[in-house]
>>> print(open('my_file.cif').read())   # mmCIF, C-alpha atoms
data_final
#
loop_
_atom_site.label_atom_id
_atom_site.label_comp_id
_atom_site.auth_asym_id
_atom_site.auth_seq_id
_atom_site.Cartn_x
_atom_site.Cartn_y
_atom_site.Cartn_z
CA MET A 986 -52.31 -129.05 -113.49
CA ASN A 987 -53.56 -132.61 -113.63
CA LEU A 988 -51.63 -135.23 -111.70
CA ASP A 989 -52.66 -138.84 -112.14
CA HIS A 990 -51.59 -141.27 -109.47
CA GLU A 991 -51.45 -144.98 -108.85
CA VAL A 992 -50.18 -147.11 -105.96
CA LYS A 993 -47.98 -149.96 -107.18
CA GLY A 994 -46.95 -152.20 -104.31
CA ASP A 995 -45.51 -149.83 -101.72
CA VAL A 996 -44.69 -147.14 -104.27
CA LEU A 997 -46.84 -144.13 -105.15
CA VAL A 998 -46.44 -143.27 -108.83
CA ILE A 999 -47.52 -139.73 -109.73
CA THR A 1000 -47.90 -138.89 -113.41
CA PRO A 1001 -48.41 -135.26 -114.52
CA ALA A 1002 -50.85 -135.36 -117.42
CA ASP A 1003 -49.78 -131.89 -118.65
CA ARG A 1004 -46.91 -131.48 -121.09
CA ARG A 1005 -45.38 -128.52 -119.27
CA ILE A 1006 -44.29 -127.83 -115.69
CA ASP A 1007 -43.51 -124.12 -115.94
CA ALA A 1008 -43.94 -120.79 -114.15
CA ALA A 1009 -47.67 -120.80 -115.00
CA VAL A 1010 -48.33 -123.95 -112.93
CA ALA A 1011 -45.35 -124.26 -110.56
CA ILE A 1012 -47.21 -123.28 -107.37
CA GLN A 1013 -50.20 -125.44 -108.27
CA PHE A 1014 -47.89 -128.38 -108.99
CA LYS A 1015 -46.19 -128.02 -105.61
CA ASP A 1016 -49.54 -127.83 -103.78
CA ARG A 1017 -51.00 -130.86 -105.59
CA MET A 1018 -47.83 -132.83 -104.85
CA ARG A 1019 -48.20 -131.98 -101.17
CA GLU A 1020 -51.81 -133.22 -101.11
CA MET A 1021 -50.94 -136.45 -102.89
CA SER A 1022 -47.84 -137.30 -100.94
CA ALA A 1023 -49.48 -136.69 -97.55
CA THR A 1024 -50.52 -140.32 -97.14
CA ALA A 1025 -47.76 -141.92 -99.20
CA GLY A 1026 -45.13 -144.33 -97.96
CA ASP A 1027 -41.38 -143.93 -98.27
CA ARG A 1028 -41.19 -144.07 -102.03
CA ILE A 1029 -42.76 -141.66 -104.47
CA VAL A 1030 -41.91 -141.86 -108.16
CA LEU A 1031 -42.67 -138.86 -110.35
CA ASP A 1032 -43.27 -140.18 -113.86
CA LEU A 1033 -42.22 -137.39 -116.26
CA GLY A 1034 -42.79 -139.41 -119.42
CA GLN A 1035 -45.51 -137.08 -120.70
CA VAL A 1036 -43.72 -133.84 -119.79
CA ASP A 1037 -41.69 -132.27 -122.58
CA PHE A 1038 -40.80 -128.96 -120.92
CA VAL A 1039 -39.67 -127.92 -117.43
CA ASP A 1040 -38.41 -124.37 -116.80
CA SER A 1041 -36.48 -123.12 -113.77
CA SER A 1042 -39.73 -122.45 -111.86
CA GLY A 1043 -40.92 -125.98 -112.59
CA LEU A 1044 -37.56 -127.36 -111.54
CA GLY A 1045 -37.79 -125.36 -108.30
CA ALA A 1046 -41.28 -126.76 -107.70
CA ILE A 1047 -40.03 -130.33 -108.15
CA VAL A 1048 -37.24 -129.65 -105.63
CA ALA A 1049 -39.81 -128.11 -103.26
CA ALA A 1050 -42.03 -131.17 -103.70
CA MET A 1051 -39.16 -133.37 -102.52
CA LYS A 1052 -38.27 -131.12 -99.60
CA GLN A 1053 -41.84 -131.04 -98.30
CA LEU A 1054 -41.88 -134.86 -98.06
CA GLY A 1055 -39.84 -134.61 -94.91
CA GLN A 1056 -37.37 -136.99 -93.37
CA GLY A 1057 -37.02 -140.52 -94.68
CA SER A 1058 -38.78 -140.01 -97.99
CA ARG A 1059 -37.16 -139.18 -101.26
CA LEU A 1060 -38.76 -138.20 -104.52
CA GLU A 1061 -37.54 -140.31 -107.42
CA LEU A 1062 -37.89 -139.33 -111.06
CA ALA A 1063 -38.61 -141.59 -114.02
CA ALA A 1064 -38.85 -141.46 -117.81
CA LEU A 1065 -37.33 -138.03 -118.44
CA THR A 1066 -37.75 -136.79 -122.01
CA PRO A 1067 -34.59 -135.34 -123.66
CA ASN A 1068 -35.32 -131.65 -123.00
CA VAL A 1069 -36.29 -132.28 -119.39
CA ALA A 1070 -33.19 -134.43 -118.82
CA LYS A 1071 -31.11 -131.55 -120.18
CA VAL A 1072 -32.49 -129.06 -117.63
CA PHE A 1073 -31.63 -131.44 -114.79
CA ARG A 1074 -28.16 -132.05 -116.23
CA LEU A 1075 -27.31 -128.37 -116.80
CA THR A 1076 -28.37 -127.41 -113.26
CA ARG A 1077 -26.70 -130.57 -111.87
CA MET A 1078 -30.02 -131.45 -110.24
CA ASP A 1079 -29.52 -134.88 -111.79
CA THR A 1080 -27.10 -135.44 -108.88
CA VAL A 1081 -29.79 -134.71 -106.29
CA PHE A 1082 -32.62 -136.98 -107.46
CA PRO A 1083 -32.54 -140.72 -108.10
CA ILE A 1084 -33.44 -140.88 -111.81
CA HIS A 1085 -34.77 -144.01 -113.52
CA ASP A 1086 -35.08 -144.71 -117.24
CA SER A 1087 -38.69 -145.78 -116.84
CA VAL A 1088 -41.38 -146.31 -114.21
CA ASP A 1089 -40.83 -150.07 -114.51
CA ALA A 1090 -37.12 -149.58 -113.81
CA ALA A 1091 -38.02 -147.45 -110.79
CA LEU A 1092 -40.37 -150.11 -109.45
CA GLY A 1093 -37.68 -152.76 -109.89
CA ALA A 1094 -35.00 -150.71 -108.19
CA ALA A 1095 -34.11 -151.07 -104.55
CA VAL A 1096 -33.34 -147.56 -103.42
CA SER A 1097 -31.68 -146.82 -100.14
CA HIS A 1098 -32.69 -143.72 -98.28
CA GLY A 1099 -29.42 -143.35 -96.43
CA MET B 853 -27.15 -105.05 -150.98
CA ASP B 854 -30.20 -103.16 -149.70
CA ASP B 855 -30.59 -101.91 -146.14
CA ALA B 856 -32.63 -104.87 -144.92
CA ALA B 857 -30.17 -107.38 -146.33
CA LEU B 858 -27.29 -105.46 -144.77
CA ARG B 859 -28.93 -105.56 -141.35
CA ALA B 860 -29.61 -109.27 -141.73
CA ALA B 861 -25.97 -109.92 -142.55
CA ALA B 862 -24.87 -107.82 -139.57
CA ASP B 863 -27.12 -109.66 -137.14
CA CYS B 864 -25.85 -113.01 -138.36
CA GLY B 865 -22.20 -112.01 -138.51
CA GLY B 866 -22.14 -112.56 -142.27
CA ALA B 867 -23.80 -115.97 -142.22
CA GLY B 868 -27.06 -116.66 -144.03
CA ALA B 869 -30.31 -115.73 -142.29
CA ALA B 870 -33.66 -117.45 -142.44
CA GLY B 871 -36.74 -117.71 -140.29
CA ASP B 872 -37.09 -114.28 -138.68
CA VAL B 873 -39.65 -114.17 -135.89
CA SER B 874 -40.90 -111.10 -134.07
CA LEU B 875 -43.58 -111.22 -131.44
CA ALA B 876 -45.19 -109.17 -128.71
CA VAL B 877 -45.73 -111.21 -125.57
CA THR B 878 -48.20 -110.49 -122.77
CA ALA B 879 -45.96 -110.30 -119.69
CA THR B 880 -47.63 -113.01 -117.63
CA PRO B 881 -46.65 -116.66 -117.03
CA GLN B 882 -49.51 -117.73 -119.30
CA GLY B 883 -48.42 -115.24 -121.99
CA VAL B 884 -44.87 -116.63 -121.85
CA ARG B 885 -46.19 -120.17 -122.14
CA GLU B 886 -48.24 -119.32 -125.23
CA ALA B 887 -45.28 -117.51 -126.81
CA LEU B 888 -43.01 -120.52 -126.24
CA ILE B 889 -45.52 -122.91 -127.79
CA ARG B 890 -45.67 -120.66 -130.86
CA LEU B 891 -41.87 -120.27 -131.00
CA ARG B 892 -41.38 -124.03 -130.78
CA ARG B 893 -43.62 -124.41 -133.82
CA ASP B 894 -41.95 -121.56 -135.75
CA LEU B 895 -38.39 -122.73 -135.03
CA THR B 896 -39.28 -126.28 -136.03
CA ALA B 897 -40.75 -124.90 -139.26
CA ALA B 898 -37.51 -122.93 -139.82
CA GLY B 899 -35.65 -126.25 -139.91
CA LEU B 900 -34.13 -126.48 -136.43
CA ALA B 901 -33.45 -129.95 -135.04
CA PRO B 902 -35.52 -131.05 -131.99
CA ASP B 903 -32.53 -130.73 -129.63
CA ASP B 904 -31.82 -127.20 -130.85
CA VAL B 905 -35.48 -126.22 -130.53
CA GLY B 906 -35.39 -127.52 -126.95
CA THR B 907 -32.27 -125.49 -126.15
CA ALA B 908 -33.76 -122.32 -127.64
CA GLU B 909 -37.02 -122.85 -125.75
CA MET B 910 -35.14 -123.28 -122.47
CA VAL B 911 -33.20 -120.01 -122.88
CA LEU B 912 -36.16 -117.99 -124.15
CA ALA B 913 -38.31 -119.24 -121.26
CA GLU B 914 -35.80 -118.05 -118.67
CA VAL B 915 -35.30 -114.68 -120.38
CA MET B 916 -39.04 -114.01 -120.57
CA ASN B 917 -39.77 -115.34 -117.07
CA ASN B 918 -37.14 -113.00 -115.66
CA ILE B 919 -38.76 -110.02 -117.37
CA VAL B 920 -42.21 -111.01 -116.09
CA GLU B 921 -41.07 -111.72 -112.52
CA HIS B 922 -38.48 -108.98 -112.02
CA ALA B 923 -38.61 -106.15 -114.61
CA TYR B 924 -42.42 -106.01 -114.49
CA ALA B 925 -42.83 -107.68 -111.08
CA GLY B 926 -46.55 -108.28 -111.33
CA CYS B 927 -47.56 -105.20 -113.39
CA SER B 928 -50.70 -106.07 -115.28
CA GLY B 929 -51.13 -105.34 -118.96
CA ALA B 930 -47.41 -105.08 -119.71
CA GLN B 931 -45.82 -106.47 -122.84
CA LEU B 932 -42.35 -107.55 -123.87
CA GLU B 933 -41.01 -107.87 -127.38
CA LEU B 934 -38.89 -110.65 -128.74
CA ARG B 935 -37.06 -110.65 -132.08
CA LEU B 936 -35.33 -113.79 -133.31
CA ARG B 937 -33.22 -114.51 -136.32
CA VAL B 938 -32.07 -117.96 -137.33
CA CYS B 939 -28.50 -117.67 -138.66
CA ARG B 940 -27.29 -120.63 -140.68
CA GLY B 941 -23.68 -121.61 -141.20
CA GLY B 942 -22.85 -121.88 -137.49
CA GLY B 943 -24.48 -118.60 -136.49
CA GLY B 944 -27.14 -120.08 -134.24
CA LEU B 945 -30.13 -118.11 -133.04
CA SER B 946 -29.72 -114.34 -132.65
CA VAL B 947 -32.12 -112.86 -130.09
CA HIS B 948 -33.13 -109.36 -128.99
CA ALA B 949 -35.53 -108.98 -126.05
CA ARG B 950 -36.98 -105.58 -125.19
CA ASP B 951 -39.17 -104.46 -122.29
CA THR B 952 -40.19 -101.23 -120.57
CA GLY B 953 -39.97 -102.56 -117.02
CA ALA B 954 -37.57 -101.77 -114.19
CA ALA B 955 -33.85 -101.70 -114.94
CA MET B 956 -31.52 -104.49 -113.83
CA PRO B 957 -30.33 -103.78 -110.28
CA GLY B 958 -26.91 -102.13 -110.55
CA GLY B 959 -27.34 -101.90 -114.31
CA THR B 960 -25.66 -105.25 -114.84
CA LEU B 961 -26.76 -108.83 -115.44
CA PRO B 962 -26.75 -111.31 -112.55
CA GLU B 963 -23.71 -113.56 -112.50
CA GLY B 964 -25.77 -116.74 -112.37
CA ALA B 965 -23.20 -118.67 -110.37
CA PRO B 966 -24.07 -122.35 -109.96
CA HIS B 967 -25.63 -123.37 -106.66
CA ARG B 968 -23.87 -125.47 -104.08
CA LEU B 969 -25.62 -128.82 -104.06
CA ASP B 970 -23.51 -130.54 -101.42
CA VAL B 971 -25.95 -129.43 -98.73
CA GLY B 972 -28.72 -131.02 -96.69
CA MET B 973 -32.03 -131.58 -98.44
CA GLU B 974 -33.69 -128.72 -96.57
CA ASP B 975 -31.09 -126.30 -97.95
CA LEU B 976 -31.42 -127.32 -101.60
CA PRO B 977 -32.20 -124.35 -103.87
CA GLU B 978 -35.77 -123.93 -105.16
CA GLY B 979 -34.94 -121.10 -107.53
CA GLY B 980 -32.17 -119.01 -109.00
CA PHE B 981 -31.47 -121.47 -111.81
CA GLY B 982 -32.48 -119.07 -114.57
CA TRP B 983 -29.34 -116.95 -115.11
CA ALA B 984 -27.06 -119.97 -114.76
CA LEU B 985 -29.01 -121.63 -117.59
CA ILE B 986 -28.98 -118.47 -119.72
CA ARG B 987 -25.22 -117.96 -119.27
CA THR B 988 -24.49 -121.64 -119.99
CA LEU B 989 -26.55 -121.75 -123.18
CA THR B 990 -25.78 -118.35 -124.75
CA GLU B 991 -22.86 -116.36 -126.16
CA ASP B 992 -22.31 -112.63 -126.71
CA LEU B 993 -24.78 -111.74 -123.94
CA THR B 994 -25.18 -107.98 -123.57
CA TYR B 995 -27.56 -105.79 -121.57
CA ARG B 996 -28.31 -102.16 -122.29
CA ARG B 997 -30.70 -99.71 -120.60
CA ALA B 998 -31.76 -96.94 -122.96
CA GLY B 999 -34.77 -94.65 -123.23
CA GLY B 1000 -36.51 -96.33 -120.30
CA GLU B 1001 -36.19 -99.74 -121.93
CA ASN B 1002 -34.21 -102.87 -121.21
CA HIS B 1003 -32.46 -104.43 -124.19
CA LEU B 1004 -30.99 -107.90 -123.94
CA ASN B 1005 -29.04 -109.32 -126.87
CA PHE B 1006 -27.53 -112.76 -127.16
CA ARG B 1007 -26.84 -115.69 -129.42
CA VAL B 1008 -27.86 -119.28 -128.80
CA PRO B 1009 -25.36 -121.59 -130.52
CA LEU B 1010 -27.26 -124.35 -132.29
CA PRO B 1011 -24.81 -127.15 -133.07
CA GLU B 1012 -27.20 -129.11 -135.28
CA LEU B 1013 -28.08 -126.14 -137.51
CA ILE B 1014 -26.20 -126.25 -140.83
#
>>> encode(input="my_file.cif", output="structure tokens")
Amino acid sequence: MNLDHEVKGDVLVITPADRRIDAAVAIQFKDRMREMSATAGDRIVLDLGQVDFVDSSGLGAIVAAMKQLGQGSRLELAALTPNVAKVFRLTRMDTVFPIHDSVDAALGAAVSHG
Amino acid sequence: MDDAALRAAADCGGAGAAGDVSLAVTATPQGVREALIRLRRDLTAAGLAPDDVGTAEMVLAEVMNNIVEHAYAGCSGAQLELRLRVCRGGGGLSVHARDTGAAMPGGTLPEGAPHRLDVGMEDLPEGGFGWALIRTLTEDLTYRRAGGENHLNFRVPLPELI
């Protein structure tokens, strides 16, 4: 599970380089997200533009990655491909995460953490 | 009509069949992943639209993951079998999954009720999405335990398949 990352202003952008976040890599994904987000600020954007498949284990790992950020931080998602957007919609997890059309849109957005 | 053609018509409820796929899958997360990559290719080759391929992949992933995680629960060397038939004319994808693992608890399928999401972040669910997805995306879902095997049959409606 390769996760690229880049700091843009005060936002940490994490980009999975693999095409799938599934049961085969869910635990690894969660652990790598924990390592990367340890020193991050309030905003972390997960860029899913290269991911074309997320199963329920992968979805659970993304939820876990947000929960382990702790108070005050929220994981935002960007650039969901159609199949991935569908999983979030069908499980109504699209109501839990701030979702942006693109990383640029995420960087331009002022997100409250209320 | 010969026997094979009769069976095909029965599976598809009288609609035309094309693109049969049958495969044995190593019951591990990696085995499921490889099977899904192959199925995505085969279903695309059978003429399914990208959205329909995505729907089928989502359902088949949850069905196989459940077998790996629960029916076999970490047994090494186990296999599951998947048989698919693409049914044109509104029939969708007809699927039969078979495994020799543990029976469903209580002999019935989980309800797959949607989670409550109006909770604090620490109480958000990290799992249990699988059966809700399967029940949302399938029709005619039946489970049967026979001869020490689990048999799951269902249909995935594929709206873009003509």
>>> closest_atom_pairs(input="my_file.cif", of="chain B", to="chain A", cutoff="8 Å", atoms="all atoms listed in the file", output="tab-separated table")
residue	atom	partner	partner_atom	distance
B:Pro881	CA	A:Ala1009	CA	4.7
B:Gln882	CA	A:Ala1009	CA	5.6
B:Arg885	CA	A:Ala1009	CA	7.3
B:Asp903	CA	A:Asn1068	CA	7.3
B:Gly906	CA	A:Asn1068	CA	5.7
B:Thr907	CA	A:Asn1068	CA	7.6
B:Met910	CA	A:Asp1040	CA	6.6
B:Ala913	CA	A:Asp1040	CA	6.8
B:Glu914	CA	A:Ser1041	CA	7.1
B:Asn917	CA	A:Ala1008	CA	7.5
B:Pro966	CA	A:Thr1076	CA	7.4
B:Leu969	CA	A:Val1081	CA	7.6
B:Met973	CA	A:Lys1052	CA	6.4
B:Glu974	CA	A:Lys1052	CA	6.0
B:Leu976	CA	A:Val1048	CA	7.5
B:Pro977	CA	A:Gly1045	CA	7.2
B:Glu978	CA	A:Gly1045	CA	4.0
B:Gly979	CA	A:Gly1045	CA	5.2
B:Gly980	CA	A:Ser1041	CA	7.6
B:Phe981	CA	A:Ser1041	CA	5.6
B:Gly982	CA	A:Ser1041	CA	5.7
B:Ala984	CA	A:Thr1076	CA	7.7
B:Leu985	CA	A:Leu1075	CA	7.0
B:Thr988	CA	A:Leu1075	CA	8.0
>>> atom_distance(input="my_file.cif", atom1="atom CA of Ile1029 of chain A", atom2="atom CA of Ile1012 of chain A")
19.1 Å
>>> closest_residue(input="my_file.cif", among="B:Leu934, B:Cys939, B:Val971, B:Ala955", to="Arg997 of chain B", atoms="all atoms listed in the file")
B:Ala955
>>> atom_distance(input="my_file.cif", atom1="atom CA of Ala908 of chain B", atom2="atom CA of Arg1004 of chain A")
17.3 Å
>>> atom_distance(input="my_file.cif", atom1="atom CA of Val873 of chain B", atom2="atom CA of Arg937 of chain B")
6.5 Å
>>> residues_around(input="my_file.cif", residues="Ala887 of chain B", least_positions_apart="5", cutoff="9 Å", atoms="all atoms listed in the file", output="MDAnalysis selection string")
chainID B and resid 875:878 882 892
>>> closest_residue(input="my_file.cif", among="B:Val920, B:Leu1010, B:Ala901, B:Ile889", to="Thr990 of chain B", atoms="all atoms listed in the file")
B:Leu1010
>>> closest_residue(input="my_file.cif", among="B:Ala879, B:Val911, B:Val905, B:Leu1013", to="Val947 of chain B", atoms="all atoms listed in the file")
B:Val911
>>> closest_residue(input="my_file.cif", among="A:Leu1031, A:Leu1092, A:Ala1023, A:Ala1011", to="Asp989 of chain A", atoms="only C-alpha atoms")
A:Leu1031
>>> closest_residue(input="my_file.cif", among="A:Pro1001, A:Gly994, A:Gly1057, A:Gly1026", to="Gly1093 of chain A", atoms="all atoms listed in the file")
A:Gly994
>>> resolve_selection(input="my_file.cif", expression="the PyMOL selection byres ((chain A and resi 1020) around 12)", output="PyMOL selection string")
chain A and resi 988+990+999+1013-1019+1021-1025+1050+1053-1054
>>> residues_near_point(input="my_file.cif", point="(-47.8, -103.1, -113.4)", cutoff="12 Å", atoms="all atoms listed in the file", output="list of chain:residue names")
B:Thr878, B:Ala879, B:Thr880, B:Val920, B:Glu921, B:His922, B:Ala923, B:Tyr924, B:Ala925, B:Gly926, B:Cys927, B:Ser928, B:Gly929, B:Ala930, B:Gln931, B:Thr952, B:Gly953, B:Ala954
>>> axis_aligned_box(input="my_file.cif", around="segment 907-922 of chain B", padding_each_side="4 Å", output="AutoDock Vina command-line options")
--center_x -37.2 --center_y -117.2 --center_z -119.8 --size_x 17.9 --size_y 24.5 --size_z 23.6
>>> resolve_selection(input="my_file.cif", expression="the PyMOL selection byres ((chain B and resi 1000-1003) around 6)", output="VMD selection string")
chain B and resid 949 to 952 995 to 999 1004
